[in-house]
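Visitor: Quick one: the structure is below, and I'll ask about it shortly.
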Amino acid sequence: MFLPSLRASSSKLPSAILNSRMISSTTRVMNKAPLRASAETPTPQDLLSKIGRNADTKLEAFAESWEKLNELWMRTVKLYDVGLSVKERRYLLWAFSRYSQGSAPSTFIRPPRPPKKFRG
């Protein structure tokens, strides 16, 4: 025997409201703005050298053109094949995202953290 008063409160909502609910667990490709030349960084090599942390030497194969660097930015799986550590990949993706949003590299580049001192 089913009692209507024992239903959950969300089931009392009209079906139109329940069907229009957005689910955030879907796998969507984030719309990324492509990396383009700017006054501060006319070439991809300049961008990688300003990002620092040896990005210009580690990503030398992708620094030939903006198309190759955008391919690395749009398909981040290729960063695994290059052999970068997790911290390096995260920093590069963060820097690429800031640069693609229009920020100049001189405004957001940070030096790497110094190693921790062990005193004991």
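In the structure tokens, chains take the letters A, B, ... in the order shown, each chain's residues start at 1, and ligands count up from 1 in the order shown.
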Give me the residues within 12 Å of stretch 109-111 of chain A as a PyMOL selection string, counting only C-alpha atoms and dropping any in the same chain fewer than 4 places off.
Guide: chain A and resi 47-54+91-92+94-96+98-99+103-105
Visitor: Could the residues in this selection be saved with C-alpha atoms as a tab-separated table (two decimals), in the first residue's frame?
Guide:
chain	number	residue	atom	x	y	z
A	47	LEU	CA	55.83	32.80	-24.05
A	48	LEU	CA	57.49	29.61	-22.82
A	49	SER	CA	60.64	31.47	-21.78
A	50	LYS	CA	58.58	34.03	-19.82
A	51	ILE	CA	56.59	31.27	-18.14
A	52	GLY	CA	59.93	29.94	-16.92
A	53	ARG	CA	60.68	26.73	-15.03
A	54	ASN	CA	62.51	25.38	-18.10
A	91	TYR	CA	51.72	25.21	-13.48
A	92	LEU	CA	51.87	25.17	-17.28
A	94	TRP	CA	47.48	27.42	-15.10
A	95	ALA	CA	49.82	29.78	-16.98
A	96	PHE	CA	48.27	28.88	-20.35
A	98	ARG	CA	45.75	32.91	-17.62
A	99	TYR	CA	47.46	33.84	-20.89
A	103	SER	CA	46.59	38.47	-19.00
A	104	ALA	CA	50.15	39.47	-19.76
A	105	PRO	CA	52.76	36.96	-18.53
Visitor: Counting only C-alpha atoms, which of A:Pro115, A:Trp66, A:Met74, A:Ser85 gets nearest to A:Thr41?
Guide: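 Closest to A:Thr41 of all the choices is A:Trp66.
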Visitor: Atom CA of A:Leu72 to atom CA of A:Pro114: how many Å, to one decimal?
Guide: 27.9 Å
Visitor: Distance atom CA of A:Thr107-atom CA of A:Glu40, one decimal place?
Guide: 11.1 Å
Visitor: What does the distance between atom CA of A:Leu35 and atom CA of A:Arg113 come to in Å, to one decimal place?
Guide: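 Atom CA of A:Arg113 lies at a distance of 26.2 Å from atom CA of A:Leu35.
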Visitor: Using only C-alpha atoms, find the one residue out of A:Asn31, A:Ala37, A:Asp46, A:Phe108 that sits nearest to A:Ala63.
Guide: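 Nearest candidate to A:Ala63 out of A:Asn31, A:Ala37, A:Asp46, A:Phe108: A:Asp46.
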Visitor: Which residues come within 10 Å of A:Leu59, counting only C-alpha atoms, excluding same-chain residues fewer than 5 positions away, as a PDB file with N, CA, C and O atoms, in the first residue's frame?
Guide:
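Contents of out26.pdb, freshly written:
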ATOM      1  N   GLN A  45      57.956  30.682 -28.420  1.00  0.00           N
ATOM      2  CA  GLN A  45      59.207  30.533 -27.666  1.00  0.00           C
ATOM      3  C   GLN A  45      59.318  31.621 -26.603  1.00  0.00           C
ATOM      4  O   GLN A  45      59.769  31.360 -25.480  1.00  0.00           O
ATOM      5  N   LEU A  48      56.961  30.683 -23.659  1.00  0.00           N
ATOM      6  CA  LEU A  48      57.491  29.615 -22.824  1.00  0.00           C
ATOM      7  C   LEU A  48      58.688  30.079 -22.000  1.00  0.00           C
ATOM      8  O   LEU A  48      58.863  29.663 -20.857  1.00  0.00           O
ATOM      9  N   ASN A  54      61.980  26.181 -16.997  1.00  0.00           N
ATOM     10  CA  ASN A  54      62.514  25.378 -18.103  1.00  0.00           C
ATOM     11  C   ASN A  54      61.442  24.908 -19.074  1.00  0.00           C
ATOM     12  O   ASN A  54      61.600  23.878 -19.726  1.00  0.00           O
ATOM     13  N   GLU A  64      57.467  25.680 -31.953  1.00  0.00           N
ATOM     14  CA  GLU A  64      57.719  26.110 -33.328  1.00  0.00           C
ATOM     15  C   GLU A  64      56.634  27.046 -33.851  1.00  0.00           C
ATOM     16  O   GLU A  64      56.922  27.985 -34.580  1.00  0.00           O
ATOM     17  N   LEU A  69      51.485  24.765 -30.201  1.00  0.00           N
ATOM     18  CA  LEU A  69      51.313  25.070 -28.778  1.00  0.00           C
ATOM     19  C   LEU A  69      49.830  25.010 -28.388  1.00  0.00           C
ATOM     20  O   LEU A  69      49.493  24.548 -27.302  1.00  0.00           O
ATOM     21  N   LEU A  72      48.837  21.463 -27.853  1.00  0.00           N
ATOM     22  CA  LEU A  72      49.231  21.016 -26.512  1.00  0.00           C
ATOM     23  C   LEU A  72      48.280  21.566 -25.459  1.00  0.00           C
ATOM     24  O   LEU A  72      47.930  20.874 -24.508  1.00  0.00           O
ATOM     25  N   LEU A  79      50.706  16.431 -22.549  1.00  0.00           N
ATOM     26  CA  LEU A  79      51.676  16.827 -21.525  1.00  0.00           C
ATOM     27  C   LEU A  79      52.207  15.609 -20.778  1.00  0.00           C
ATOM     28  O   LEU A  79      53.329  15.636 -20.275  1.00  0.00           O
ATOM     29  N   VAL A  82      55.153  14.159 -22.766  1.00  0.00           N
ATOM     30  CA  VAL A  82      56.381  14.951 -22.737  1.00  0.00           C
ATOM     31  C   VAL A  82      57.260  14.543 -21.560  1.00  0.00           C
ATOM     32  O   VAL A  82      58.480  14.629 -21.626  1.00  0.00           O
ATOM     33  N   GLY A  83      56.643  14.080 -20.488  1.00  0.00           N
ATOM     34  CA  GLY A  83      57.407  13.635 -19.334  1.00  0.00           C
ATOM     35  C   GLY A  83      57.529  14.685 -18.244  1.00  0.00           C
ATOM     36  O   GLY A  83      58.502  14.691 -17.498  1.00  0.00           O
ATOM     37  N   LEU A  84      56.544  15.559 -18.135  1.00  0.00           N
ATOM     38  CA  LEU A  84      56.563  16.577 -17.093  1.00  0.00           C
ATOM     39  C   LEU A  84      56.005  16.015 -15.793  1.00  0.00           C
ATOM     40  O   LEU A  84      55.149  15.132 -15.807  1.00  0.00           O
TER      41      LEU A  84
END
